[in-house]
Every structure is written in structure tokens, then in C-alpha cells.
Amino acid sequence: MGNTTFQYQVRDKTGKIVSGTIDAESQAAVAQKLTSMGYATVSISQAGGGMKKELSIPGFGGKVKLKDLAVMSRQFATMINSGLSLLRALNILSEQTPNKKLAEVLAQVRNDVETGNPLSGSLAQHPSVFPPLMVNMVRAGEVGGFLDGVLLQIAENYEAEVKLKGKIKSAMTYPVVVFVMAILAVTGMLLFIVPVFAKMFEGLGAPLPLPTRILVILSEVVKVGFPFMVIGFIAFTVIWRKVKHKEQVANVIDPLKLKMPVFGPLMQKIALSRFTRNFGTMLHAGVPILQSLDIVADTSGNVVVARAVRDVQESVRNGESLTAPLAQHAVFPPMVVQMMSVGEDTGQMDEMLHKISEFYDQEVEATTEALTSLIEPLMIAFLGGIVGAMIIAMYMPIFKVFDLIQE
């Protein structure tokens with residue numbers, strides 16, 4: 001039997017990704033050879049076939065949400081803990097998972113595992129579905145022989161993240177809805193109501209008050225530019241979705257998020273909650289610290305936190321303290337730095353990180369509730385003020401006519 005060329009991705013002992021090709025009889029032989037060389041396998045695919053595999057899982061077949069991964073991980077852990085084989089558990093999951101895209105990918109993962117790939121390597125071949133955090137925790141569970149426990153930790157981690165996203169959504173829904181209503185109301189009045197009054201004002205013969213003139217000019221501008229505004233908004237939305245995760249954009253936007261007058265502290269608490277929860281979960285699962293830091297730097301959702309984590313990673317790589325660099329970054333409050341320092345000294349960093357995460361989860365909940373109660377009256381006043389100002393501007397010429405008649 002002739003050898004086949006395989007493409008591989010592995011992590012070396014420092015946690016860096018290394019890619020290359022190798023000739024072997026099977027994927028299992030490649031995996032065994034890479035392991036014997038001291039590498040942690042990320043993915044193995046037949047040369048020339050890897051691209052086809054990725055192209056078969058585009059974003060058009062539905063989206064896999066964190067909630068789907070949380071449910072799948074919990075079911076997976078239960079089956080492995082009950083004594084079911086890995087292949088049988090994957091087969092059951094692929095058949096009973098409601099999300100069609102996840103079911104399809106799980107079937108492919110099962111086939112990869114059957115050909116000799118490790119589970120973590122098989123999951124890593126679908127980065128659009130399985131995040132690096134999940135892949136590396138599964139790898140740690142495979143090496144340590146506690147895959148069911150790791151899967152439960154993944155489920156709990158994603159369930160907490162889903163809950164956190166729900167809180168953020170509840171805080172943002174009301175102001176966004178009111179803001180959209182304000183834009184629609186203003187646009188509707190400028191397009192349909194103001195022109196009617198403008199025609200009526202033409203026959204008055206007297207000069208219009210300044211607010212009314214401004215309103216009429218705005219109406220003309222919106223009438224002419226409305227199609228361009230709609231096209232511009234759609235174009236901006238499409239472009240923003242493509243560029244918002246790019247480093248150049250994040251370097252500008254993310255620091256501004258933390259400096260926002262009302263939402264800045266909330267954004268900081270969310271980023272800290274994500275960082276501490278993900279870092280604690282990975283350490284508890286046995287993922288090497290440098291590898292954990294490399295992954296959690298990108299899961300906080302804010303480049304300011306990511307920079308701080310990269311400094312920590314460099315400090316640890318040089319054999320220095322884990323928490324010392326955090327004190328140089330204002331995004332990390334002294335309480336967090338001190339608690340992590342105690343965790344580092346006592347060897348209970350994972351437990352300390354989870355305590356910090358729980359604290360910030362509660363802080364996020366309290367902040368969102370306070371923001372909601374504060375924003376509701378403010379947004380009502382904002383919407384009422386805009387509409388009221390427009391109505392007054394439209395009726396000012398009529399009041400002026402009444403004054404002239406009385407004279």
C-alpha cells in the first residue's frame with residue numbers, strides 16, 4: 001500500500017501552531033508519529049482534500065450557537081460517563097441534534113475519529129463550529145483521561161456565556177428599539193407630514209420662523225437623499241460585519257467602548273467576566289497555562305484585555321509572575337489583580353478565577369438592571385422631545401398668523 005501525503009497542524013511545546021505535510025499510510029499513522037515527536041495534534045487532512053472539507057461547511061446551512069454547543073457537550077458527557085463508546089456517542093449526537101449544521105458536522109467528526117484522528121483534532125477541522133477553547137479542553141481531557149468531566153465543564157462554561165449574553169441583550173433591547181422608533185418617526189414626519197405643511201406655508205406670504213425653515217430644509221434633504229441613505233445604511237452594515245473583528249478596527253473601537261459614559265463600566269465587567277471564566281475553566285481542565293492564555297486572549301471580546309493577557313503570556317514564558325503585568329493595565333481593577341495573585345501563591349488559580357467570574361456575573365446583572373431602569377425614562381423623554389420639537393416647529397407659523405390677525 002502506497003503512502004499518501006497529509007497536511008497537518010500541531011501545537012509545539014510553547015503553544016505555537018506549526019503546519020506542514022507528511023507522507024504516511026493513514027491518518028492514524030500521522031497522528032501517532034506527531035505525538036511521538038512531542039506535538040499536540042490540531043488537525044490532519046489529506047493534501048488537496050482539506051479545502052473541499054472546509055467548503056462543505058459554509059455559513060449558509062444555519063448557525064451553530066453557544067446554546068447548541070452547551071446542550072451537545074452536556075449530552076456528550078452524560079453518554080461517555082455512562083460507558084458508551086466515543087463513536088457510538090458521536091453517532092447518537094449526530095442523529096438527535098436539532099441543529100442541522102451541527103448534526104452534519106458531528107457526523108463528519110465521527111467519520112474522522114473512526115479513521116484514527118483524535119477527537120480534538122477532528123473538532124479542530126471545523127473552526128467555524130467548535131471554538132479553540134472547546135478543542136483545547138477536549139485535548140486536555142483526552143490526554144488526562146477525564147473527557148466526560150471536561151465536556152461538563154465546557155457545557156457549564158457555555159451555559160454561563162449564554163446567560164451573560166442574555167443579560168447584555170436585555171439591557172440593550174429597550175434603548176435600541178426606542179432609538180429605531182425615533183428614527184422611523186422623524187423620517188416619517190420629514191417625508192410625509194412636513195411637505196404638507198410646507199405647501200400650506202407657501203401661501204402665507206410671511207417669512208417662516210428659523211426652526212420651521214430648518215425643518216423644511218431637512219425634509220427636502222431627506223426626500224432627495226432617502227434612497228441613498230437606505231443604500232448607505234445597508235452598505236455600512238455589510239462592511240462593518242466584515243471589518244469589525246479586524247485588528248486595526250478593534251484597536252480604535254475597543255478602547256472607546258470602555259470609555260463610554262454609561263456603558264463603559266458594563267463593557268469592562270463583561271470582558272473581565274469572560275476572561276476569568278474561560279481562563280479558570282481551561283486551567284481546571286488541565287490545559288497548559290501558555291496555551292490557555294493564548295486562547296483566552298481572543299475570547300474576552302475586547303482588545304484592551306487581550307493586550308494585557310499577551311503581556312501576562314510573555315511574563316510567564318520568561319518564568320516571571322503571572323499577575324505582575326496586570327497591575328500595569330487599568331482595565332484590571334486592583335481587586336482582580338490581588339485575588340489572582342493570592343490564587344497564584346496558593347496554587348488555586350482556577351478556583352480564584354471562578355470566584356472572580358461569579359462576582360462579575362453578578363455585577364453585570366446588577367448593572368444591566370440599573371441601566372434598564374435608568375434608560376427607560378431617558379429614552380421616552382428623548383423620543384418625546386424630538387417629536388414634540390418637530391410639532392412645535394411646524395405649528396409656529398400658524399401661531400404667527402394668529403398673532404397677525406389679532407393685530
# chains A, B, ... in the order shown; residues from 1 in each chain; ligands from 1

call {"tool": "select_by_dssp", "arguments": {"residues": "region 177-350 of chain A", "states": "alpha helix (DSSP H)", "output": "ChimeraX atom specification"}}
result
/A:177-188,194-202,210-243,247-259,264-285,289-296,303-317,334-346,349-350

call {"tool": "residues_around", "arguments": {"residues": "Ala324 (chain A)", "least_positions_apart": "2", "cutoff": "9 Å", "atoms": "only C-alpha atoms", "output": "number ranges by chain"}}
result
A: 312, 315, 320-322, 326-328, 337, 341

call {"tool": "atom_distance", "arguments": {"atom1": "CA of Ile22 (chain A)", "atom2": "CA of Thr115 (chain A)"}}
result
16.8 Å

call {"tool": "residues_around", "arguments": {"residues": "Arg277 (chain A)", "least_positions_apart": "6", "cutoff": "7 Å", "atoms": "only C-alpha atoms", "output": "list in words"}}
result
Leu353, His354 and Ser357 of chain A

call {"tool": "closest_residue", "arguments": {"among": "A:Leu215, A:Ala366, A:Gln348, A:Ile391", "to": "Lys167 (chain A)", "atoms": "only C-alpha atoms"}}
result
A:Ala366

call {"tool": "atom_distance", "arguments": {"atom1": "CA of Gln291 (chain A)", "atom2": "CA of His329 (chain A)"}}
result
21.4 Å

call {"tool": "residues_around", "arguments": {"residues": "region 208-211 of chain A", "least_positions_apart": "6", "cutoff": "12 Å", "atoms": "only C-alpha atoms", "output": "number ranges by chain"}}
result
A: 197-198, 200-202, 217-218, 389-401

call {"tool": "write_last_selection", "arguments": {"atoms": "C-alpha atoms", "output": "PDB file, in the first residue's frame"}}
result
ATOM      1  CA  PHE A 197     -47.295  71.883   5.979  1.00  0.00           C
ATOM      2  CA  ALA A 198     -44.580  73.340   3.673  1.00  0.00           C
ATOM      3  CA  MET A 200     -49.510  75.393   3.226  1.00  0.00           C
ATOM      4  CA  PHE A 201     -46.772  77.763   4.444  1.00  0.00           C
ATOM      5  CA  GLU A 202     -46.031  78.888   0.859  1.00  0.00           C
ATOM      6  CA  ILE A 217     -34.824  72.132   4.513  1.00  0.00           C
ATOM      7  CA  LEU A 218     -34.322  68.811   6.350  1.00  0.00           C
ATOM      8  CA  ALA A 389     -39.862  69.801  18.905  1.00  0.00           C
ATOM      9  CA  MET A 390     -40.845  68.941  15.333  1.00  0.00           C
ATOM     10  CA  ILE A 391     -44.534  69.531  16.016  1.00  0.00           C
ATOM     11  CA  ILE A 392     -43.818  72.903  17.657  1.00  0.00           C
ATOM     12  CA  ALA A 393     -41.631  73.910  14.668  1.00  0.00           C
ATOM     13  CA  MET A 394     -44.483  73.024  12.275  1.00  0.00           C
ATOM     14  CA  TYR A 395     -47.113  74.987  14.208  1.00  0.00           C
ATOM     15  CA  MET A 396     -45.004  78.111  14.871  1.00  0.00           C
ATOM     16  CA  PRO A 397     -46.012  79.810  11.527  1.00  0.00           C
ATOM     17  CA  ILE A 398     -49.689  79.172  12.322  1.00  0.00           C
ATOM     18  CA  PHE A 399     -49.297  80.841  15.721  1.00  0.00           C
ATOM     19  CA  LYS A 400     -47.564  83.746  13.948  1.00  0.00           C
ATOM     20  CA  VAL A 401     -50.556  84.123  11.564  1.00  0.00           C
TER      21      VAL A 401
END

call {"tool": "residues_around", "arguments": {"residues": "Thr281 (chain A)", "least_positions_apart": "5", "cutoff": "8 Å", "atoms": "only C-alpha atoms", "output": "count of residues only"}}
result
5

call {"tool": "atom_distance", "arguments": {"atom1": "CA of Phe6 (chain A)", "atom2": "CA of Gly116 (chain A)"}}
result
13.4 Å

call {"tool": "closest_residue", "arguments": {"among": "A:Leu290, A:Val336, A:Leu86, A:Val186", "to": "Gly385 (chain A)", "atoms": "only C-alpha atoms"}}
result
A:Val186

call {"tool": "residues_around", "arguments": {"residues": "Asp294 (chain A)", "least_positions_apart": "4", "cutoff": "10 Å", "atoms": "only C-alpha atoms", "output": "ChimeraX atom specification"}}
result
/A:15-16,132-133,279,289-290,298-299,306,309-310,312-313

call {"tool": "residues_around", "arguments": {"residues": "region 145-148 of chain A", "least_positions_apart": "2", "cutoff": "8 Å", "atoms": "only C-alpha atoms", "output": "tab-separated table (two decimals) with all heavy atoms, in the first residue's frame"}}
result
chain	number	residue	atom	x	y	z
A	76	PHE	N	-23.16	14.76	25.52
A	76	PHE	CA	-21.94	14.00	25.20
A	76	PHE	C	-21.31	13.48	26.49
A	76	PHE	O	-20.94	12.30	26.58
A	76	PHE	CB	-20.98	14.92	24.45
A	76	PHE	CG	-19.94	14.21	23.62
A	76	PHE	CD1	-19.06	14.94	22.84
A	76	PHE	CD2	-19.84	12.83	23.61
A	76	PHE	CE1	-18.10	14.31	22.06
A	76	PHE	CE2	-18.89	12.18	22.82
A	76	PHE	CZ	-18.01	12.93	22.06
A	77	ALA	N	-21.18	14.35	27.48
A	77	ALA	CA	-20.57	13.97	28.77
A	77	ALA	C	-21.37	12.87	29.45
A	77	ALA	O	-20.79	11.91	29.99
A	77	ALA	CB	-20.49	15.20	29.67
A	78	THR	N	-22.69	13.01	29.42
A	78	THR	CA	-23.56	12.00	30.05
A	78	THR	C	-23.37	10.64	29.41
A	78	THR	O	-23.28	9.61	30.09
A	78	THR	CB	-25.05	12.44	29.94
A	78	THR	OG1	-25.19	13.73	30.52
A	78	THR	CG2	-25.96	11.44	30.64
A	80	ILE	N	-20.71	9.52	27.59
A	80	ILE	CA	-19.37	8.98	27.85
A	80	ILE	C	-19.28	8.47	29.28
A	80	ILE	O	-18.71	7.40	29.55
A	80	ILE	CB	-18.29	10.08	27.62
A	80	ILE	CG1	-18.28	10.54	26.15
A	80	ILE	CG2	-16.92	9.59	28.03
A	80	ILE	CD1	-17.86	9.50	25.16
A	81	ASN	N	-19.87	9.21	30.24
A	81	ASN	CA	-19.87	8.81	31.64
A	81	ASN	C	-20.66	7.52	31.87
A	81	ASN	O	-20.37	6.76	32.79
A	81	ASN	CB	-20.44	9.94	32.49
A	81	ASN	CG	-20.30	9.68	33.98
A	81	ASN	OD1	-21.26	9.37	34.65
A	81	ASN	ND2	-19.07	9.79	34.48
A	138	VAL	N	-10.96	19.70	25.19
A	138	VAL	CA	-11.18	18.29	24.82
A	138	VAL	C	-9.84	17.57	24.72
A	138	VAL	O	-9.69	16.43	25.17
A	138	VAL	CB	-11.97	18.19	23.49
A	138	VAL	CG1	-11.93	16.76	22.93
A	138	VAL	CG2	-13.41	18.62	23.70
A	140	ALA	N	-7.09	18.28	26.34
A	140	ALA	CA	-6.61	18.06	27.71
A	140	ALA	C	-7.34	16.89	28.35
A	140	ALA	O	-6.73	16.09	29.07
A	140	ALA	CB	-6.80	19.34	28.53
A	141	GLY	N	-8.64	16.79	28.10
A	141	GLY	CA	-9.43	15.68	28.65
A	141	GLY	C	-9.01	14.35	28.08
A	141	GLY	O	-8.98	13.33	28.80
A	142	GLU	N	-8.66	14.34	26.79
A	142	GLU	CA	-8.19	13.09	26.15
A	142	GLU	C	-6.87	12.64	26.77
A	142	GLU	O	-6.69	11.46	27.09
A	142	GLU	CB	-7.98	13.33	24.65
A	142	GLU	CG	-9.27	13.41	23.84
A	142	GLU	CD	-9.00	13.73	22.38
A	142	GLU	OE1	-8.11	14.56	22.09
A	142	GLU	OE2	-9.69	13.16	21.53
A	143	VAL	N	-5.96	13.59	26.92
A	143	VAL	CA	-4.63	13.26	27.47
A	143	VAL	C	-4.74	12.81	28.92
A	143	VAL	O	-4.08	11.84	29.34
A	143	VAL	CB	-3.69	14.50	27.36
A	143	VAL	CG1	-2.37	14.23	28.08
A	143	VAL	CG2	-3.43	14.83	25.90
A	150	VAL	N	-14.43	17.08	31.42
A	150	VAL	CA	-14.10	18.26	30.62
A	150	VAL	C	-15.32	18.72	29.82
A	150	VAL	O	-15.61	19.91	29.72
A	150	VAL	CB	-12.91	17.96	29.68
A	150	VAL	CG1	-12.83	18.99	28.56
A	150	VAL	CG2	-11.61	17.96	30.46
A	151	LEU	N	-16.06	17.77	29.26
A	151	LEU	CA	-17.25	18.12	28.48
A	151	LEU	C	-18.30	18.80	29.36
A	151	LEU	O	-19.00	19.72	28.92
A	151	LEU	CB	-17.83	16.86	27.82
A	151	LEU	CG	-17.02	16.32	26.63
A	151	LEU	CD1	-17.48	14.92	26.27
A	151	LEU	CD2	-17.14	17.24	25.42
A	152	LEU	N	-18.41	18.35	30.62
A	152	LEU	CA	-19.33	19.01	31.56
A	152	LEU	C	-18.87	20.44	31.85
A	152	LEU	O	-19.69	21.35	31.94
A	152	LEU	CB	-19.42	18.21	32.86
A	152	LEU	CG	-20.40	17.04	32.88
A	152	LEU	CD1	-20.30	16.28	34.20
A	152	LEU	CD2	-21.84	17.51	32.66

call {"tool": "select_by_dssp", "arguments": {"residues": "region 30-265 of chain A", "states": "strand (DSSP E or B)", "output": "PDB file with all heavy atoms, in the first residue's frame"}}
result
ATOM      1  N   ALA A  40       1.161  18.398  19.914  1.00  0.00           N
ATOM      2  CA  ALA A  40      -0.268  18.198  20.187  1.00  0.00           C
ATOM      3  C   ALA A  40      -1.015  18.414  18.871  1.00  0.00           C
ATOM      4  O   ALA A  40      -0.993  19.506  18.301  1.00  0.00           O
ATOM      5  CB  ALA A  40      -0.765  19.187  21.240  1.00  0.00           C
ATOM      6  N   THR A  41      -1.640  17.352  18.369  1.00  0.00           N
ATOM      7  CA  THR A  41      -2.293  17.416  17.052  1.00  0.00           C
ATOM      8  C   THR A  41      -3.517  18.327  17.090  1.00  0.00           C
ATOM      9  O   THR A  41      -4.361  18.218  17.971  1.00  0.00           O
ATOM     10  CB  THR A  41      -2.726  16.005  16.597  1.00  0.00           C
ATOM     11  OG1 THR A  41      -1.591  15.141  16.652  1.00  0.00           O
ATOM     12  CG2 THR A  41      -3.283  16.042  15.179  1.00  0.00           C
ATOM     13  N   VAL A  42      -3.596  19.230  16.120  1.00  0.00           N
ATOM     14  CA  VAL A  42      -4.767  20.098  15.953  1.00  0.00           C
ATOM     15  C   VAL A  42      -5.648  19.563  14.838  1.00  0.00           C
ATOM     16  O   VAL A  42      -6.848  19.382  14.999  1.00  0.00           O
ATOM     17  CB  VAL A  42      -4.339  21.561  15.648  1.00  0.00           C
ATOM     18  CG1 VAL A  42      -5.555  22.430  15.323  1.00  0.00           C
ATOM     19  CG2 VAL A  42      -3.575  22.142  16.818  1.00  0.00           C
ATOM     20  N   SER A  43      -5.054  19.293  13.654  1.00  0.00           N
ATOM     21  CA  SER A  43      -5.831  18.737  12.549  1.00  0.00           C
ATOM     22  C   SER A  43      -4.916  17.979  11.596  1.00  0.00           C
ATOM     23  O   SER A  43      -3.738  18.297  11.443  1.00  0.00           O
ATOM     24  CB  SER A  43      -6.571  19.847  11.790  1.00  0.00           C
ATOM     25  OG  SER A  43      -5.645  20.691  11.143  1.00  0.00           O
ATOM     26  N   ILE A  44      -5.510  16.958  10.960  1.00  0.00           N
ATOM     27  CA  ILE A  44      -4.817  16.179   9.930  1.00  0.00           C
ATOM     28  C   ILE A  44      -5.799  15.988   8.790  1.00  0.00           C
ATOM     29  O   ILE A  44      -6.948  15.577   9.006  1.00  0.00           O
ATOM     30  CB  ILE A  44      -4.374  14.781  10.456  1.00  0.00           C
ATOM     31  CG1 ILE A  44      -3.470  14.929  11.681  1.00  0.00           C
ATOM     32  CG2 ILE A  44      -3.665  14.000   9.361  1.00  0.00           C
ATOM     33  CD1 ILE A  44      -3.195  13.610  12.399  1.00  0.00           C
ATOM     34  N   SER A  45      -5.389  16.322   7.572  1.00  0.00           N
ATOM     35  CA  SER A  45      -6.273  16.116   6.418  1.00  0.00           C
ATOM     36  C   SER A  45      -5.430  15.731   5.215  1.00  0.00           C
ATOM     37  O   SER A  45      -4.248  16.082   5.125  1.00  0.00           O
ATOM     38  CB  SER A  45      -7.088  17.374   6.110  1.00  0.00           C
ATOM     39  OG  SER A  45      -6.222  18.460   5.847  1.00  0.00           O
ATOM     40  N   GLN A  46      -6.039  14.996   4.302  1.00  0.00           N
ATOM     41  CA  GLN A  46      -5.333  14.564   3.106  1.00  0.00           C
ATOM     42  C   GLN A  46      -5.011  15.772   2.239  1.00  0.00           C
ATOM     43  O   GLN A  46      -5.862  16.645   2.038  1.00  0.00           O
ATOM     44  CB  GLN A  46      -6.200  13.575   2.322  1.00  0.00           C
ATOM     45  CG  GLN A  46      -5.424  12.856   1.224  1.00  0.00           C
ATOM     46  CD  GLN A  46      -6.229  11.709   0.643  1.00  0.00           C
ATOM     47  OE1 GLN A  46      -6.992  11.067   1.351  1.00  0.00           O
ATOM     48  NE2 GLN A  46      -6.075  11.462  -0.639  1.00  0.00           N
TER      49      GLN A  46
END

call {"tool": "closest_atom_pairs", "arguments": {"of": "region 233-332 of chain A", "to": "region 223-229 of chain A", "cutoff": "10 Å", "atoms": "only C-alpha atoms", "output": "JSON lines"}}
result
{"residue": "A:Phe233", "atom": "CA", "partner": "A:Met229", "partner_atom": "CA", "distance": 6.0}
{"residue": "A:Ile234", "atom": "CA", "partner": "A:Met229", "partner_atom": "CA", "distance": 8.6}
{"residue": "A:Ala235", "atom": "CA", "partner": "A:Met229", "partner_atom": "CA", "distance": 9.7}

call {"tool": "write_last_selection", "arguments": {"atoms": "N, CA and C atoms", "output": "PDB file, in the first residue's frame"}}
result
ATOM      1  N   PHE A 233     -26.852  52.791   4.477  1.00  0.00           N
ATOM      2  CA  PHE A 233     -27.002  52.045   5.729  1.00  0.00           C
ATOM      3  C   PHE A 233     -26.750  50.549   5.514  1.00  0.00           C
ATOM      4  N   ILE A 234     -27.314  50.017   4.424  1.00  0.00           N
ATOM      5  CA  ILE A 234     -27.119  48.586   4.115  1.00  0.00           C
ATOM      6  C   ILE A 234     -25.644  48.311   3.848  1.00  0.00           C
ATOM      7  N   ALA A 235     -25.008  49.190   3.047  1.00  0.00           N
ATOM      8  CA  ALA A 235     -23.583  49.019   2.727  1.00  0.00           C
ATOM      9  C   ALA A 235     -22.727  49.086   3.989  1.00  0.00           C
TER      10      ALA A 235
END

call {"tool": "decode", "arguments": {"residues": "region 170-200 of chain A", "atoms": "N, CA and C atoms", "output": "PDB file, in the first residue's frame"}}
result
ATOM      1  N   SER A 170     -30.832  41.963  27.132  1.00  0.00           N
ATOM      2  CA  SER A 170     -31.960  42.589  27.832  1.00  0.00           C
ATOM      3  C   SER A 170     -31.682  44.055  28.132  1.00  0.00           C
ATOM      4  N   ALA A 171     -30.391  44.372  28.389  1.00  0.00           N
ATOM      5  CA  ALA A 171     -30.035  45.770  28.680  1.00  0.00           C
ATOM      6  C   ALA A 171     -30.057  46.629  27.424  1.00  0.00           C
ATOM      7  N   MET A 172     -29.730  46.033  26.274  1.00  0.00           N
ATOM      8  CA  MET A 172     -29.600  46.799  25.042  1.00  0.00           C
ATOM      9  C   MET A 172     -30.887  46.869  24.226  1.00  0.00           C
ATOM     10  N   THR A 173     -31.810  45.918  24.433  1.00  0.00           N
ATOM     11  CA  THR A 173     -33.001  45.836  23.583  1.00  0.00           C
ATOM     12  C   THR A 173     -33.840  47.104  23.654  1.00  0.00           C
ATOM     13  N   TYR A 174     -34.134  47.570  24.865  1.00  0.00           N
ATOM     14  CA  TYR A 174     -35.033  48.718  25.016  1.00  0.00           C
ATOM     15  C   TYR A 174     -34.488  49.982  24.352  1.00  0.00           C
ATOM     16  N   PRO A 175     -33.241  50.400  24.666  1.00  0.00           N
ATOM     17  CA  PRO A 175     -32.739  51.616  24.011  1.00  0.00           C
ATOM     18  C   PRO A 175     -32.645  51.504  22.492  1.00  0.00           C
ATOM     19  N   VAL A 176     -32.280  50.316  21.999  1.00  0.00           N
ATOM     20  CA  VAL A 176     -32.177  50.134  20.540  1.00  0.00           C
ATOM     21  C   VAL A 176     -33.546  50.258  19.894  1.00  0.00           C
ATOM     22  N   VAL A 177     -34.574  49.615  20.496  1.00  0.00           N
ATOM     23  CA  VAL A 177     -35.935  49.680  19.944  1.00  0.00           C
ATOM     24  C   VAL A 177     -36.439  51.119  19.935  1.00  0.00           C
ATOM     25  N   VAL A 178     -36.249  51.836  21.044  1.00  0.00           N
ATOM     26  CA  VAL A 178     -36.718  53.226  21.126  1.00  0.00           C
ATOM     27  C   VAL A 178     -35.965  54.110  20.130  1.00  0.00           C
ATOM     28  N   PHE A 179     -34.663  53.884  19.988  1.00  0.00           N
ATOM     29  CA  PHE A 179     -33.864  54.667  19.045  1.00  0.00           C
ATOM     30  C   PHE A 179     -34.341  54.446  17.607  1.00  0.00           C
ATOM     31  N   VAL A 180     -34.616  53.180  17.266  1.00  0.00           N
ATOM     32  CA  VAL A 180     -35.131  52.864  15.918  1.00  0.00           C
ATOM     33  C   VAL A 180     -36.490  53.524  15.711  1.00  0.00           C
ATOM     34  N   MET A 181     -37.354  53.468  16.740  1.00  0.00           N
ATOM     35  CA  MET A 181     -38.665  54.121  16.645  1.00  0.00           C
ATOM     36  C   MET A 181     -38.521  55.625  16.434  1.00  0.00           C
ATOM     37  N   ALA A 182     -37.559  56.236  17.123  1.00  0.00           N
ATOM     38  CA  ALA A 182     -37.326  57.679  16.976  1.00  0.00           C
ATOM     39  C   ALA A 182     -36.903  58.007  15.549  1.00  0.00           C
ATOM     40  N   ILE A 183     -35.999  57.196  14.985  1.00  0.00           N
ATOM     41  CA  ILE A 183     -35.538  57.428  13.608  1.00  0.00           C
ATOM     42  C   ILE A 183     -36.698  57.277  12.621  1.00  0.00           C
ATOM     43  N   LEU A 184     -37.511  56.206  12.804  1.00  0.00           N
ATOM     44  CA  LEU A 184     -38.652  55.976  11.912  1.00  0.00           C
ATOM     45  C   LEU A 184     -39.672  57.110  12.016  1.00  0.00           C
ATOM     46  N   ALA A 185     -39.932  57.563  13.258  1.00  0.00           N
ATOM     47  CA  ALA A 185     -40.906  58.649  13.460  1.00  0.00           C
ATOM     48  C   ALA A 185     -40.436  59.936  12.804  1.00  0.00           C
ATOM     49  N   VAL A 186     -39.166  60.270  13.012  1.00  0.00           N
ATOM     50  CA  VAL A 186     -38.609  61.502  12.429  1.00  0.00           C
ATOM     51  C   VAL A 186     -38.606  61.418  10.899  1.00  0.00           C
ATOM     52  N   THR A 187     -38.158  60.274  10.368  1.00  0.00           N
ATOM     53  CA  THR A 187     -38.123  60.094   8.910  1.00  0.00           C
ATOM     54  C   THR A 187     -39.522  60.176   8.312  1.00  0.00           C
ATOM     55  N   GLY A 188     -40.493  59.506   8.975  1.00  0.00           N
ATOM     56  CA  GLY A 188     -41.879  59.543   8.501  1.00  0.00           C
ATOM     57  C   GLY A 188     -42.446  60.958   8.472  1.00  0.00           C
ATOM     58  N   MET A 189     -42.176  61.712   9.522  1.00  0.00           N
ATOM     59  CA  MET A 189     -42.676  63.094   9.595  1.00  0.00           C
ATOM     60  C   MET A 189     -42.017  63.979   8.534  1.00  0.00           C
ATOM     61  N   LEU A 190     -40.710  63.799   8.341  1.00  0.00           N
ATOM     62  CA  LEU A 190     -39.995  64.604   7.341  1.00  0.00           C
ATOM     63  C   LEU A 190     -40.431  64.269   5.916  1.00  0.00           C
ATOM     64  N   LEU A 191     -40.770  62.992   5.662  1.00  0.00           N
ATOM     65  CA  LEU A 191     -41.148  62.575   4.308  1.00  0.00           C
ATOM     66  C   LEU A 191     -42.612  62.867   3.975  1.00  0.00           C
ATOM     67  N   PHE A 192     -43.509  62.731   4.948  1.00  0.00           N
ATOM     68  CA  PHE A 192     -44.942  62.780   4.639  1.00  0.00           C
ATOM     69  C   PHE A 192     -45.704  63.946   5.272  1.00  0.00           C
ATOM     70  N   ILE A 193     -45.338  64.358   6.466  1.00  0.00           N
ATOM     71  CA  ILE A 193     -46.124  65.384   7.166  1.00  0.00           C
ATOM     72  C   ILE A 193     -45.587  66.788   6.903  1.00  0.00           C
ATOM     73  N   VAL A 194     -44.268  66.974   7.026  1.00  0.00           N
ATOM     74  CA  VAL A 194     -43.671  68.302   6.827  1.00  0.00           C
ATOM     75  C   VAL A 194     -43.945  68.852   5.421  1.00  0.00           C
ATOM     76  N   PRO A 195     -43.842  68.039   4.329  1.00  0.00           N
ATOM     77  CA  PRO A 195     -44.148  68.580   2.993  1.00  0.00           C
ATOM     78  C   PRO A 195     -45.562  69.159   2.869  1.00  0.00           C
ATOM     79  N   VAL A 196     -46.540  68.552   3.553  1.00  0.00           N
ATOM     80  CA  VAL A 196     -47.927  69.050   3.527  1.00  0.00           C
ATOM     81  C   VAL A 196     -47.984  70.440   4.159  1.00  0.00           C
ATOM     82  N   PHE A 197     -47.323  70.578   5.297  1.00  0.00           N
ATOM     83  CA  PHE A 197     -47.295  71.883   5.979  1.00  0.00           C
ATOM     84  C   PHE A 197     -46.490  72.896   5.154  1.00  0.00           C
ATOM     85  N   ALA A 198     -45.412  72.431   4.473  1.00  0.00           N
ATOM     86  CA  ALA A 198     -44.580  73.340   3.673  1.00  0.00           C
ATOM     87  C   ALA A 198     -45.394  73.981   2.551  1.00  0.00           C
ATOM     88  N   LYS A 199     -46.246  73.176   1.896  1.00  0.00           N
ATOM     89  CA  LYS A 199     -47.109  73.716   0.842  1.00  0.00           C
ATOM     90  C   LYS A 199     -48.078  74.750   1.404  1.00  0.00           C
ATOM     91  N   MET A 200     -48.581  74.473   2.580  1.00  0.00           N
ATOM     92  CA  MET A 200     -49.510  75.393   3.226  1.00  0.00           C
ATOM     93  C   MET A 200     -48.802  76.693   3.616  1.00  0.00           C
TER      94      MET A 200
END
